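One file, query-v4.csv, is given below (CSV, C-alpha atoms).
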chain,number,residue,atom,x,y,z
A,1,MET,CA,36.4,-53.9,13.4
A,2,ASP,CA,35.9,-50.4,14.8
A,3,LYS,CA,38.8,-49.2,12.7
A,4,ASP,CA,37.2,-50.6,9.6
A,5,PHE,CA,34.0,-48.8,10.3
A,6,GLY,CA,35.9,-45.6,11.0
A,7,GLU,CA,37.8,-45.8,7.8
A,8,LEU,CA,34.6,-46.6,5.9
A,9,ILE,CA,32.9,-43.6,7.5
A,10,GLU,CA,35.7,-41.3,6.6
A,11,TYR,CA,35.8,-42.7,3.1
A,12,LEU,CA,32.0,-42.3,2.6
A,13,ASP,CA,32.2,-38.8,4.1
A,14,LYS,CA,34.8,-37.8,1.5
A,15,LYS,CA,32.7,-39.3,-1.2
A,16,PHE,CA,29.5,-37.5,-0.1
A,17,ASN,CA,31.5,-34.2,0.0
A,18,LYS,CA,32.7,-35.0,-3.5
A,19,LEU,CA,29.1,-35.8,-4.5
A,20,GLU,CA,27.9,-32.5,-3.2
A,21,GLU,CA,30.6,-30.8,-5.1
A,22,ASP,CA,29.7,-32.7,-8.3
A,23,ILE,CA,26.0,-31.7,-7.8
A,24,LYS,CA,27.0,-28.0,-7.5
A,25,ASN,CA,29.1,-28.4,-10.7
A,26,LEU,CA,26.2,-30.0,-12.5
A,27,GLN,CA,23.9,-27.2,-11.5
A,28,THR,CA,26.4,-24.7,-12.8
A,29,GLY,CA,27.1,-26.7,-15.9
A,30,GLN,CA,30.7,-27.4,-15.1
A,31,PHE,CA,30.3,-31.2,-14.6
A,32,LYS,CA,32.4,-33.6,-16.7
A,33,LEU,CA,30.5,-36.8,-17.6
A,34,GLU,CA,33.7,-38.8,-18.1
A,35,THR,CA,35.1,-38.0,-14.7
A,36,GLY,CA,31.8,-38.7,-13.0
A,37,GLN,CA,31.5,-42.1,-14.7
A,38,GLY,CA,35.1,-43.1,-13.7
A,39,ASN,CA,34.4,-42.0,-10.2
A,40,MET,CA,31.1,-43.9,-10.0
A,41,GLN,CA,32.8,-47.2,-11.2
A,42,SER,CA,35.5,-46.8,-8.6
A,43,ASP,CA,32.9,-45.9,-6.0
A,44,ILE,CA,30.9,-49.1,-6.9
A,45,LYS,CA,34.1,-51.2,-6.5
A,46,ASP,CA,34.8,-49.5,-3.2
A,47,LEU,CA,31.3,-50.1,-2.0
A,48,GLN,CA,31.5,-53.7,-3.0
A,49,THR,CA,34.8,-54.0,-1.0
A,50,GLY,CA,33.1,-52.3,1.9
A,51,GLN,CA,30.2,-54.7,1.6
A,52,GLY,CA,32.6,-57.6,1.8
A,53,ASN,CA,34.1,-56.2,4.9
A,54,MET,CA,30.7,-55.7,6.4
A,55,GLN,CA,29.7,-59.3,5.6
A,56,SER,CA,32.9,-60.4,7.4
A,57,ASP,CA,32.0,-58.2,10.3
A,58,ILE,CA,28.5,-59.7,10.4
A,59,LYS,CA,30.0,-63.2,10.5
A,60,ASP,CA,32.3,-62.1,13.4
A,61,LEU,CA,29.2,-60.8,15.2
A,62,GLN,CA,27.3,-64.0,14.6
A,63,THR,CA,30.2,-66.0,15.9
A,64,GLY,CA,30.4,-63.8,19.0
A,65,GLN,CA,26.6,-64.2,19.4
A,66,SER,CA,27.0,-68.0,19.3
A,67,LYS,CA,29.7,-67.9,22.0
A,68,LEU,CA,27.5,-65.6,24.1
A,69,GLN,CA,24.6,-68.0,23.8
A,70,ILE,CA,26.8,-70.9,24.9
A,71,ALA,CA,27.9,-68.8,27.9
A,72,VAL,CA,24.3,-68.0,28.8
A,73,LEU,CA,23.3,-71.6,28.6
A,74,ASP,CA,26.3,-72.6,30.8
A,75,ASN,CA,25.3,-70.0,33.4
A,76,SER,CA,21.7,-71.1,33.2
A,77,SER,CA,22.7,-74.7,34.1
A,78,LYS,CA,24.8,-73.3,36.9
A,79,ILE,CA,21.8,-71.3,38.2
A,80,ASP,CA,19.6,-74.4,37.9
A,81,SER,CA,22.1,-76.4,40.0
A,82,ILE,CA,22.2,-73.7,42.7
A,83,GLU,CA,18.4,-73.5,42.8
A,84,GLU,CA,18.2,-77.3,43.3
A,85,LYS,CA,20.6,-77.1,46.2
A,86,MET,CA,19.1,-74.0,47.7
A,87,ALA,CA,16.4,-74.3,50.4
A,88,THR,CA,13.0,-73.1,49.6
A,89,LYS,CA,11.0,-70.8,51.8
A,90,VAL,CA,8.8,-73.7,52.9
A,91,GLU,CA,11.9,-75.7,53.9
A,92,VAL,CA,13.3,-72.8,55.9
A,93,ASN,CA,10.0,-72.3,57.6
A,94,LYS,CA,9.9,-76.0,58.6
A,95,LEU,CA,13.4,-75.7,60.1
A,96,ILE,CA,12.4,-72.5,62.0
A,97,ASP,CA,9.3,-74.4,63.3
A,98,ALA,CA,11.4,-77.3,64.4
A,99,VAL,CA,13.9,-75.0,66.2
A,100,ASP,CA,11.0,-73.2,67.9
A,101,ALA,CA,9.5,-76.5,69.1
A,102,TYR,CA,12.9,-77.6,70.4
A,103,MET,CA,13.3,-74.3,72.3
A,104,LYS,CA,9.8,-74.7,73.8
A,105,GLN,CA,10.7,-78.2,75.1
A,106,GLY,CA,13.9,-76.7,76.6
A,107,GLU,CA,11.9,-73.9,78.3
A,108,ASP,CA,9.3,-76.4,79.6
A,109,TYR,CA,12.1,-78.6,81.0
A,110,ARG,CA,13.8,-75.7,82.7
A,111,GLN,CA,10.5,-74.7,84.3
A,112,GLU,CA,10.0,-78.2,85.5
A,113,VAL,CA,13.5,-78.4,87.0
A,114,VAL,CA,12.9,-75.1,88.9
A,115,MET,CA,9.5,-76.4,90.2
A,116,LEU,CA,11.2,-79.7,91.3
A,117,GLY,CA,13.9,-77.7,93.0
A,118,ASN,CA,11.3,-75.7,95.0
A,119,GLN,CA,9.5,-78.9,95.9
A,120,VAL,CA,12.7,-80.5,97.2
A,121,ASN,CA,13.4,-77.4,99.3
A,122,ARG,CA,9.9,-77.6,100.8
A,123,HIS,CA,10.4,-81.3,101.6
A,124,GLU,CA,13.7,-80.6,103.3
A,125,LYS,CA,12.1,-77.9,105.5
A,126,TRP,CA,9.4,-80.4,106.4
A,127,ILE,CA,11.9,-83.1,107.2
A,128,GLN,CA,13.9,-80.7,109.4
A,129,LYS,CA,10.7,-79.7,111.3
A,130,ILE,CA,9.8,-83.3,111.8
A,131,ALA,CA,13.3,-84.1,113.0
A,132,GLU,CA,13.2,-81.2,115.5
A,133,LYS,CA,9.9,-82.4,116.9
A,134,LEU,CA,11.3,-85.9,117.3
A,135,ASP,CA,14.6,-84.6,118.7
A,136,PHE,CA,16.4,-86.3,115.9
A,137,LYS,CA,19.7,-84.9,114.6
A,138,LEU,CA,20.1,-84.9,110.8
A,139,ASP,CA,23.6,-85.3,109.3
A,140,TYR,CA,24.1,-83.6,105.9

In structure tokens, what does this structure look like?
Amino acid sequence: MDKDFGELIEYLDKKFNKLEEDIKNLQTGQFKLETGQGNMQSDIKDLQTGQGNMQSDIKDLQTGQSKLQIAVLDNSSKIDSIEEKMATKVEVNKLIDAVDAYMKQGEDYRQEVVMLGNQVNRHEKWIQKIAEKLDFKLDY
């Protein structure tokens, strides 16, 4: 496709150069009408052929565009699927709140265990003092 455009551009460039030359010849009176007519007819044929090539290129571009639209739609459905599976900000915040609540329960439980341990130590000391006063020997 690029090659076709390149050839067409070269061809048109040559024709425009020839046209400039013909205009100069016309201005100086050295232009031959017959040659010009023959060249115009071949130019028209060449342009018609180029137009056919351009129409073919346009069809190719439209086909490519259709394929691209299909690919975009396919990617769009994949993105929709990912969005459905993906957690929203609200859902993530709910999970974070649940984890925070669980951590607080764990911290409360740990503090309660420490307090109970201290209470048991106090009770053991009291029991030892009571046992000493009663001359009673405790076996551990």

Requested in this report: Could you check how far atom CA of Thr88 of chain A sits from atom CA of Met103 of chain A, in Å to one decimal?
Outcome: 22.7 Å

Query raised in the report: atom CA of Glu91 of chain A to atom CA of Ile79 of chain A: how many Å, to one decimal?
Result: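 A separation of 19.1 Å between them.
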
Report task. Take atom CA of Leu138 of chain A and atom CA of Glu124 of chain A and report the distance between them in Å, one decimal. Result ->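 Going from atom CA of Leu138 of chain A over to atom CA of Glu124 of chain A, I get 10.8 Å.
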